[in-house]
Every structure is written in C-alpha cells, then in structure tokens.
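> Mind having a look at this structure? Questions to follow.
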Amino acid sequence: MSVSFPLPSFNCRVDCGKDFDAARIRADFPVLARQVHGRPIVYLDNAATTQKPRHTIAALVEYYERHNANVHRGIHTLAEEATDLYEQARRCVAAFVGAHRPEELVFTRNATEGLNLLAYAWGRAHLAAGDEVLISEMEHHSNIVPWQMLAAERGIVVRWAPIDDEGRLDRAAFRRLVSPRTKVVSLIHASNVLGTINPVAELFAEARSASPGVLAVLDATQTVPQMPVRFRELGCDAMVFSGHKMYGPTGIGCLVLTEALAEAMPPFLGGGEMIDRVTQDGSTFARPPHRFEAGTPNIADAVALGATVEYLDLVGMDSVRIHSECLAEYALEQLARIPSLTVYGPRDPRERVALASFYDRDVHPHDLATILDRQGVAVRAGHHCAMPLARRLGVPATARASFGIYNTRDEVDLLVQAIRHAREYLGHVA
C-alpha cells in the first residue's frame, strides 16, 4: 500500500522477515530524541497515545503544503487530489484491518465517536425498552457511557459480564447472561488496564447461538497497534479503533461496519456530504460510508493515517506481535521482582497486549508517576477511563506502563530502577 503523492524519502529500518529491532525503529520517531528533566525520555504511555513516525508527519505536512482542498465536491485539480488521497487512505486502512470493501470503513474522530455513533444511530432505531446490551467489567468508559445514556432514554438494560481474579472474562457467567433479550454484545478486544486479550470470535459465536441476530460490537483500540486484526475473522458486525493509538494523528478514528449493518443504520449527523438529495419537503441520504461523514471530514489526518498504515505494513504486524509478547513477558518478570507491587492481568504474555498496570502498597500511583517523570520515565496513573474495573480490583487507581514498537528491554529495566528509586525517595525499602 502506498499513498498516491510523493513523500520525502523514507527508509524503514526493519528488514521484513528478519529480527525485529526496536532500537533501530526508534530513529523514525523524532520525539524520542528529547530529554525530560535532563534525562533521555522513556515513553511508556502508549496505551494512552503513541508517538508518530516521520513518515506520518511528512504525509501530514505534504498534504497541507501541496494538496489542501475540500473533498468530493470540487472539479479543480487540488480538490481532485484531496479526494483521491482521502479515499486512498480509506482503502489502505480498510485493507489493513481486514474489511472486505473500503466502503465498510467510516472515518470518525476516534473510537469513542464510533461507539457513540452506533449507540445513537443503530441503537435508537432498533432497541426498545427491555432489550439488553451485554458488556464486561473491563470496558473503557467509551463502551459504557453511550449504552448507559441509551438506557436512560429508551429503557434498555445494560448487563455486565464479570471477570475472574486473573483478569480474564468469566466465560460461564458470560454464557449465563446471554438470553433472547440480548440484542447487543459490545466488548473490548484487549483491556487497557489488564492487558487481557478477549477471545472475541468465540464469545460472539456463543452469543449468537443463544440470541440469533445479536449485534456484535468490538472495541479494538488496544489491539490494532499491537497485532494483526482482521475484522471479518473476528465475527463482529462493527469495530472501532483510534488513529492516535496506532502511531497515527489525533482526531482521526475508524468505525468498520458490515454492509448489512451500515444499510440498516440511519444517519448520525445531518448536513453536507451525507445527503443524496435535499428539497423543501425533505431529504434522502447518501450510501454508506458517506452517510455517516457529515460535513467536511478530517481530511489531512485521514491521509496521514493512511501513511501510518503504510509504515506499519513495512514494519510487519506479525513481527510487532512477537515484539509485544516479548516485552510483556519481560516486563511481568521484572516487575514481579518488586515485592510491594501487585501487577494485574493474566500471567501468560500470549493472553495480553504489552502493558502492565500495577499498584504499590506503599506509594500512591499518582505520587509514583510524578517521581518517575523526574527520572524521565513517562507512565500513566489513574483509573484509565475504567472506573468500574478499578472498583472491581479494589484500588483507587493504578500506575500503567504500556509499550510500543520502539520500546526496548532496556527501557523496562529503567522503569524498574525508577520505581525502586521512588520507593527509596519516599523512605520505603526498595
């Protein structure tokens, strides 16, 4: 895949088929050359947002410097170039996540907007009082609040599938919760707190056997950057993810829909671009995906996301997954050497993405993250937009280190050293 305008020369530092070399990939990410508080930055907050390669940055600049115009409506050269680039990006990203056709992919601002679009457009048209939506205890707020808002408006019921003590979904409880009243099963592919990768294809199949016609929705925000994700193979009707968590720009995300689902959904927003015909008596609407992209879209960031997908294809997502598992395994081993830490989620790195959330019994996560920052180590502290899960774990917050394609085992060692330093600084035995 390649964008259809010339980019500055790009040299991917990974030879496909050879050993993954994160240290060489780092050179593609300019921000990683920074120092923070006089120390080289150790960026371990990738589950919140990833850094951007030069390839993505160059595509964004190139678009604004040479091709900027509105899409779909103009016949002059710049408008045609912008339209070609925008739709080329759609084709690239759709292919990257295994959609059958580019038209199955809707550009949104982020995964959150995609889930809201589903709940608002499909949910308001097809759900009634007493219908049930099944989610899990490990969901991000983006996959909780839209359904709760719909419940308050329409009287639907939100059911919660519990997790076990290792952070896995309780499969038996999940099966018990699915009934003929279940109309939607909406699950996170991988928890942004536990790291747990859910066996979603199996779960969706189980749900459909108990409630034929159930809508299967997947939040793949944490998995698309870390492993090959194939929309059709996962058995879902809809899938969302965010560009900024997969080394792309902020302000651009995707909602992937089966053709049948897209045709069954009314528009989310009204205005320009999403219409077929407007008269004083009423309006008819465009076919998907344009039906769901009202107004001028985020053209530049969509184009840059297409360039990001090109970069990830060159790196190779199979290699990225191996690197993710290796980092997860090493991080779990090293963090376990600090007795005061409780690390959450499955022990098996094959069952999780490359992140580790932990709680130190002696140091509040916010204090720990602040002291780590003074050591140049960037982690996140808080409930990570998963407050029901924090309550299930029985902690006010956790600290979270999350890893990307440019992170190394040496940085895991620096994380562990920084945690030990924080404990000593606060008067606790390291």
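If you're wondering about the labels, chains in the structure tokens are A, B, ... by order shown, residues count from 1 in each chain, ligands from 1 in order shown.
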When you look at Val178 (chain A) with a cut-off of 8 Å (counting only C-alpha atoms), what residues show up, excluding the ones that are within fewer than 3 positions of it in the same chain? I need them as a PyMOL selection string.
chain A and resi 134+174-175+181-182+207+210-211
> Next, write the just-selected residues to a file, as a PDB file, in the first residue's frame, keeping C-alpha atoms as the atom set.

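And here is the file that came out, result-v2.pdb:
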```
ATOM      1  CA  LEU A 134     -24.124  -7.035  27.345  1.00  0.00           C
ATOM      2  CA  PHE A 174     -20.973 -14.609  30.111  1.00  0.00           C
ATOM      3  CA  ARG A 175     -22.939 -17.538  28.703  1.00  0.00           C
ATOM      4  CA  ARG A 181     -33.416 -10.405  25.223  1.00  0.00           C
ATOM      5  CA  THR A 182     -29.748  -9.755  24.406  1.00  0.00           C
ATOM      6  CA  ALA A 207     -23.807 -15.054  21.969  1.00  0.00           C
ATOM      7  CA  ALA A 210     -28.191 -18.097  22.340  1.00  0.00           C
ATOM      8  CA  SER A 211     -29.607 -14.980  20.701  1.00  0.00           C
TER       9      SER A 211
END
```
> If you run DSSP on this backbone, which residues of region 31-189 of chain A come out as strand (DSSP E or B), and could you give them as a ChimeraX atom specification?
/A:35-36,39-40,42-43,45,105-108,132-136,157-161,163,169,182-188
> Taking N, CA and C atoms for each residue, export the selection above as a short mmCIF file (atom, residue, chain, number, x, y, z; two decimals), in the first residue's frame.

```cif
data_model
loop_
_atom_site.label_atom_id
_atom_site.label_comp_id
_atom_site.auth_asym_id
_atom_site.auth_seq_id
_atom_site.Cartn_x
_atom_site.Cartn_y
_atom_site.Cartn_z
N GLN A 35 14.94 15.02 25.68
CA GLN A 35 15.24 14.76 27.08
C GLN A 35 14.15 15.39 27.94
N VAL A 36 13.83 14.76 29.05
CA VAL A 36 12.86 15.26 30.02
C VAL A 36 13.55 15.31 31.37
N ARG A 39 17.04 13.99 31.28
CA ARG A 39 17.26 12.56 31.02
C ARG A 39 16.60 12.18 29.69
N PRO A 40 17.17 11.21 28.97
CA PRO A 40 16.50 10.72 27.77
C PRO A 40 15.12 10.19 28.11
N VAL A 42 11.91 8.04 28.39
CA VAL A 42 11.47 6.65 28.31
C VAL A 42 9.95 6.72 28.24
N TYR A 43 9.42 6.63 27.06
CA TYR A 43 7.99 6.85 26.85
C TYR A 43 7.24 5.53 26.96
N ASP A 45 3.73 5.32 27.75
CA ASP A 45 2.32 5.69 27.87
C ASP A 45 1.60 5.47 26.55
N LEU A 105 -15.64 1.12 5.83
CA LEU A 105 -14.91 1.91 6.82
C LEU A 105 -15.39 3.36 6.83
N VAL A 106 -15.82 3.81 8.00
CA VAL A 106 -16.25 5.19 8.22
C VAL A 106 -15.17 5.90 9.02
N PHE A 107 -14.75 7.07 8.57
CA PHE A 107 -13.81 7.87 9.35
C PHE A 107 -14.58 8.63 10.44
N THR A 108 -14.07 8.55 11.65
CA THR A 108 -14.63 9.27 12.79
C THR A 108 -13.51 10.08 13.43
N GLU A 132 -31.62 -5.88 25.96
CA GLU A 132 -30.41 -5.91 26.79
C GLU A 132 -29.15 -5.73 25.95
N VAL A 133 -28.22 -4.99 26.52
CA VAL A 133 -26.88 -4.81 25.96
C VAL A 133 -25.90 -5.43 26.95
N LEU A 134 -25.08 -6.34 26.48
CA LEU A 134 -24.12 -7.04 27.34
C LEU A 134 -22.72 -6.51 27.10
N ILE A 135 -22.11 -5.98 28.16
CA ILE A 135 -20.72 -5.53 28.12
C ILE A 135 -19.97 -6.25 29.23
N SER A 136 -18.72 -5.87 29.49
CA SER A 136 -17.94 -6.55 30.53
C SER A 136 -17.42 -5.57 31.55
N VAL A 157 -31.62 -2.34 29.04
CA VAL A 157 -30.93 -2.81 30.23
C VAL A 157 -29.49 -3.14 29.86
N VAL A 158 -28.53 -2.60 30.63
CA VAL A 158 -27.12 -2.89 30.42
C VAL A 158 -26.71 -3.98 31.41
N ARG A 159 -26.23 -5.11 30.89
CA ARG A 159 -25.75 -6.23 31.70
C ARG A 159 -24.22 -6.25 31.70
N TRP A 160 -23.65 -6.74 32.79
CA TRP A 160 -22.20 -6.73 32.97
C TRP A 160 -21.66 -8.15 33.13
N ALA A 161 -20.82 -8.58 32.22
CA ALA A 161 -20.14 -9.87 32.36
C ALA A 161 -18.94 -9.69 33.28
N ILE A 163 -15.36 -10.51 35.52
CA ILE A 163 -14.03 -11.06 35.26
C ILE A 163 -13.63 -11.93 36.45
N LEU A 169 -12.16 -12.71 31.31
CA LEU A 169 -13.61 -12.71 31.31
C LEU A 169 -14.11 -14.06 31.81
N THR A 182 -31.03 -10.39 24.73
CA THR A 182 -29.75 -9.76 24.41
C THR A 182 -29.75 -9.34 22.94
N LYS A 183 -29.65 -8.05 22.70
CA LYS A 183 -29.66 -7.52 21.34
C LYS A 183 -28.29 -7.03 20.89
N VAL A 184 -27.43 -6.69 21.86
CA VAL A 184 -26.08 -6.19 21.56
C VAL A 184 -25.10 -6.84 22.53
N VAL A 185 -23.99 -7.33 22.00
CA VAL A 185 -22.83 -7.70 22.81
C VAL A 185 -21.69 -6.81 22.36
N SER A 186 -21.21 -5.95 23.26
CA SER A 186 -20.19 -4.97 22.91
C SER A 186 -19.00 -5.15 23.84
N LEU A 187 -17.87 -5.56 23.29
CA LEU A 187 -16.73 -5.98 24.11
C LEU A 187 -15.45 -5.29 23.67
N ILE A 188 -14.57 -5.12 24.63
CA ILE A 188 -13.23 -4.64 24.35
C ILE A 188 -12.38 -5.82 23.90
#
```
> Where does region 310-384 of chain A meet region 85-104 of chain A within 10 Å, residue by residue, with the nearest atom pair and distance in Å to one decimal for each, counting only C-alpha atoms, listed by chain and rising number, as JSON lines?

```
{"residue": "A:Glu310", "atom": "CA", "partner": "A:Cys92", "partner_atom": "CA", "distance": 7.7}
{"residue": "A:Leu312", "atom": "CA", "partner": "A:Phe96", "partner_atom": "CA", "distance": 9.2}
{"residue": "A:Asp313", "atom": "CA", "partner": "A:Phe96", "partner_atom": "CA", "distance": 8.0}
{"residue": "A:Met317", "atom": "CA", "partner": "A:Phe96", "partner_atom": "CA", "distance": 9.8}
```
> Where does DSSP see helix (DSSP H, G or I) in region 166-320 of chain A, if you list the residues as a PyMOL selection string?
chain A and resi 171-177+200-210+232-234+243-245+259-264+290-292+299-315+317-320
> Hey, which of A:Met227, A:Arg124, A:His141, A:Ala27 ends up closest to Glu325 (chain A)? Count only C-alpha atoms.
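Going through A:Met227, A:Arg124, A:His141, A:Ala27 one by one, the smallest distance to Glu325 (chain A) is for A:Met227.
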> Looking at A:Arg287, A:Leu150, A:Glu139, A:Thr221, which one is nearest to Pro162 (chain A), with distances taken over only C-alpha atoms?
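When distances to Pro162 (chain A) are compared using only C-alpha atoms, the smallest one comes from A:Glu139.
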